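Since the structure comes first, as structure tokens, the remarks are kept for the end.
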Amino acid sequence: MSATIAYQRDHSLVERLVRHWAFWCAFMVLAFGYPIFRSLNRELPPELPKFYKVPDFSLTNDFGKPFGSNELNGKVYIANFMFTSCPTTCPALMEKMQKVQKRIRGVGNKAALVTFTVDPETDTPKALHKFARGLHANPFVWSFLTGDVNEIKKVVVDGYKVPMGDGKEPIQGMVDGNEVTLFDIVHSEKLVLVDQDGWVRGYYGTDKVSLDSLMVDVGLTMNRQMYNK
């Protein structure tokens, strides 16, 4: 009868560690605890400057309802300025605002977009509503405001500190291959970042670098308030 000889291999140190329950406990603590430790001890970037406090205002939105400071209180929002018949910069500007809307859709009701018309005589609530639907604007996020021209100018010029023309200026342009006289109104192409307390925190262009910077600052502004609570 032949004897069976069994060979037993010695386990290496690494193998013995992996087999031990204490190794996995230590691994779990490091794997999940270190990122939490870093997040709790991470320094936030410098706080954005506070430029101006936007005075309280109440205008009319594209649903014909009052809308202003009360509805925006507690939200970070981005303001811009245009008019629906703008023949020059507004179409491209509103395309950028559509992109901004897509980029903030994950923050719920913590952020908002607000578009002010600088031609309220033409841009009635009904006209703005049609315009907003053409942009696929989410009414829970993006509001379009009109009202008395003097009230709008007070908010735009005195509140956000951006220019607004007194009237329409004729310019020559092309429509369907024909040269025609179009009318423009001086207004800012900047996007204005406003914090939860109504302070203007920054002015941004619409190029890619500026929009990326705006998105970072939106997140920092929201997170800093949560961090300071």
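Just remember, in the structure tokens the first chain shown is A, the second B, etc., residues are 1-based per chain, and ligands are 1-based in the order shown.
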
query: Could you pull the residues within 8 Å of Phe144 of chain A, counting only C-alpha atoms, minus those fewer than 5 positions along the same chain, as a ChimeraX atom specification?
result: /A:61-62,114-117,128-129,132

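Between Val200 of chain A and the candidates A:Val149, A:Ile78, A:Ala92, A:Val107, the tightest atom-to-atom separation, counting only C-alpha atoms, involves A:Ile78.
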
- prompt: In Å to one decimal, how far is atom CA of Phe57 of chain A from atom CA of Leu191 of chain A?
  reply: 18.7 Å

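For Leu93 of chain A, the set of protein, DNA and RNA residues having any atom at most 10 Å away, when counting only C-alpha atoms and skipping those fewer than 5 positions along the same chain, is Asn80, Phe81, Met82, Thr88, Gln98, Glu189, Lys190, Leu191, Gly205 and Thr206 of chain A.
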
Residues as selected, N, CA and C atoms, written as a CSV table (one decimal), in the first residue's frame, can you do that?
```
chain,number,residue,atom,x,y,z
A,80,ASN,N,-29.3,88.2,-16.2
A,80,ASN,CA,-28.8,88.7,-17.5
A,80,ASN,C,-29.9,89.6,-18.1
A,81,PHE,N,-29.5,90.3,-19.2
A,81,PHE,CA,-30.3,91.4,-19.7
A,81,PHE,C,-30.4,91.3,-21.2
A,82,MET,N,-31.6,91.5,-21.8
A,82,MET,CA,-31.9,91.3,-23.2
A,82,MET,C,-33.2,91.9,-23.6
A,88,THR,N,-28.9,91.9,-32.5
A,88,THR,CA,-27.4,91.7,-32.5
A,88,THR,C,-27.0,90.6,-31.6
A,98,GLN,N,-29.1,79.1,-22.0
A,98,GLN,CA,-29.6,77.7,-22.1
A,98,GLN,C,-28.6,76.7,-21.6
A,189,GLU,N,-24.0,92.6,-21.7
A,189,GLU,CA,-23.9,91.2,-22.1
A,189,GLU,C,-23.4,90.4,-21.0
A,190,LYS,N,-23.1,91.0,-19.9
A,190,LYS,CA,-22.5,90.2,-18.8
A,190,LYS,C,-23.6,89.4,-18.0
A,191,LEU,N,-23.1,88.3,-17.4
A,191,LEU,CA,-24.0,87.5,-16.5
A,191,LEU,C,-23.5,87.9,-15.1
A,205,GLY,N,-18.3,86.9,-18.5
A,205,GLY,CA,-18.6,86.9,-19.9
A,205,GLY,C,-19.2,85.6,-20.3
A,206,THR,N,-19.4,85.4,-21.6
A,206,THR,CA,-20.0,84.2,-22.1
A,206,THR,C,-19.1,83.2,-22.9
```

Exercise: Ser213 of chain A partners within 12 Å, only C-alpha atoms, chain neighbours under 2 positions left out, as a PDB file with N, CA and C atoms, in the first residue's frame:
```pdb
ATOM      1  N   LEU A  48     -15.645  84.987  -2.408  1.00  0.00           N
ATOM      2  CA  LEU A  48     -15.829  85.975  -3.471  1.00  0.00           C
ATOM      3  C   LEU A  48     -16.118  87.344  -2.869  1.00  0.00           C
ATOM      4  N   VAL A 100     -26.229  77.349 -19.410  1.00  0.00           N
ATOM      5  CA  VAL A 100     -26.137  77.528 -17.955  1.00  0.00           C
ATOM      6  C   VAL A 100     -27.283  76.798 -17.266  1.00  0.00           C
ATOM      7  N   LEU A 191     -23.125  88.293 -17.434  1.00  0.00           N
ATOM      8  CA  LEU A 191     -23.961  87.538 -16.526  1.00  0.00           C
ATOM      9  C   LEU A 191     -23.547  87.932 -15.116  1.00  0.00           C
ATOM     10  N   LEU A 193     -23.657  87.235 -11.048  1.00  0.00           N
ATOM     11  CA  LEU A 193     -23.877  86.242  -9.991  1.00  0.00           C
ATOM     12  C   LEU A 193     -24.273  86.959  -8.709  1.00  0.00           C
ATOM     13  N   GLY A 202     -20.155  88.655  -8.621  1.00  0.00           N
ATOM     14  CA  GLY A 202     -19.266  88.574  -9.772  1.00  0.00           C
ATOM     15  C   GLY A 202     -19.958  88.886 -11.082  1.00  0.00           C
ATOM     16  N   TYR A 203     -19.143  89.303 -12.075  1.00  0.00           N
ATOM     17  CA  TYR A 203     -19.602  89.587 -13.432  1.00  0.00           C
ATOM     18  C   TYR A 203     -18.817  88.692 -14.387  1.00  0.00           C
ATOM     19  N   TYR A 204     -19.517  88.080 -15.357  1.00  0.00           N
ATOM     20  CA  TYR A 204     -18.894  87.058 -16.184  1.00  0.00           C
ATOM     21  C   TYR A 204     -19.258  87.253 -17.654  1.00  0.00           C
ATOM     22  N   GLY A 205     -18.289  86.946 -18.515  1.00  0.00           N
ATOM     23  CA  GLY A 205     -18.554  86.910 -19.938  1.00  0.00           C
ATOM     24  C   GLY A 205     -19.219  85.598 -20.318  1.00  0.00           C
ATOM     25  N   THR A 206     -19.355  85.365 -21.621  1.00  0.00           N
ATOM     26  CA  THR A 206     -20.049  84.157 -22.071  1.00  0.00           C
ATOM     27  C   THR A 206     -19.141  83.217 -22.856  1.00  0.00           C
ATOM     28  N   ASP A 207     -17.847  83.465 -22.845  1.00  0.00           N
ATOM     29  CA  ASP A 207     -16.920  82.515 -23.443  1.00  0.00           C
ATOM     30  C   ASP A 207     -16.789  81.310 -22.517  1.00  0.00           C
ATOM     31  N   LYS A 208     -16.194  80.229 -23.010  1.00  0.00           N
ATOM     32  CA  LYS A 208     -16.135  78.972 -22.258  1.00  0.00           C
ATOM     33  C   LYS A 208     -15.409  79.131 -20.919  1.00  0.00           C
ATOM     34  N   VAL A 209     -14.278  79.825 -20.926  1.00  0.00           N
ATOM     35  CA  VAL A 209     -13.516  79.985 -19.685  1.00  0.00           C
ATOM     36  C   VAL A 209     -14.336  80.738 -18.648  1.00  0.00           C
ATOM     37  N   SER A 210     -15.012  81.801 -19.076  1.00  0.00           N
ATOM     38  CA  SER A 210     -15.817  82.596 -18.145  1.00  0.00           C
ATOM     39  C   SER A 210     -16.995  81.811 -17.596  1.00  0.00           C
ATOM     40  N   LEU A 211     -17.655  81.024 -18.465  1.00  0.00           N
ATOM     41  CA  LEU A 211     -18.787  80.223 -18.006  1.00  0.00           C
ATOM     42  C   LEU A 211     -18.339  79.135 -17.038  1.00  0.00           C
ATOM     43  N   MET A 215     -19.627  78.717 -13.163  1.00  0.00           N
ATOM     44  CA  MET A 215     -20.172  77.500 -12.570  1.00  0.00           C
ATOM     45  C   MET A 215     -19.437  77.122 -11.286  1.00  0.00           C
ATOM     46  N   VAL A 216     -18.124  77.303 -11.280  1.00  0.00           N
ATOM     47  CA  VAL A 216     -17.351  77.031 -10.063  1.00  0.00           C
ATOM     48  C   VAL A 216     -17.795  77.966  -8.942  1.00  0.00           C
ATOM     49  N   ASP A 217     -17.969  79.242  -9.276  1.00  0.00           N
ATOM     50  CA  ASP A 217     -18.341  80.221  -8.254  1.00  0.00           C
ATOM     51  C   ASP A 217     -19.769  80.023  -7.751  1.00  0.00           C
ATOM     52  N   VAL A 218     -20.657  79.540  -8.621  1.00  0.00           N
ATOM     53  CA  VAL A 218     -22.011  79.198  -8.170  1.00  0.00           C
ATOM     54  C   VAL A 218     -21.937  78.120  -7.093  1.00  0.00           C
ATOM     55  N   GLY A 219     -21.152  77.072  -7.372  1.00  0.00           N
ATOM     56  CA  GLY A 219     -21.008  75.988  -6.402  1.00  0.00           C
ATOM     57  C   GLY A 219     -20.371  76.452  -5.105  1.00  0.00           C
ATOM     58  N   LEU A 220     -19.329  77.270  -5.204  1.00  0.00           N
ATOM     59  CA  LEU A 220     -18.668  77.768  -3.993  1.00  0.00           C
ATOM     60  C   LEU A 220     -19.607  78.638  -3.168  1.00  0.00           C
TER      61      LEU A 220
END
```

- request: Find the residue from A:Ser85, A:Asn138, A:Thr60, A:Ser143 that sits nearest to Asp119 of chain A; use only C-alpha atoms when measuring.
  value: A:Ser85

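Distances to Arg103 of chain A were evaluated for A:Phe63, A:Gly198, A:Lys75, A:Val141 using only C-alpha atoms, and the minimum falls at A:Val141.
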
message: So that I can see what lies close to Pro55 of chain A, please list as a PyMOL selection string the residues with an atom at most 12 Å from it, counting only C-alpha atoms and leaving out residues fewer than 6 positions away in the same chain.
response: chain A and resi 68-70+73+151-152+154-161+194+197-200
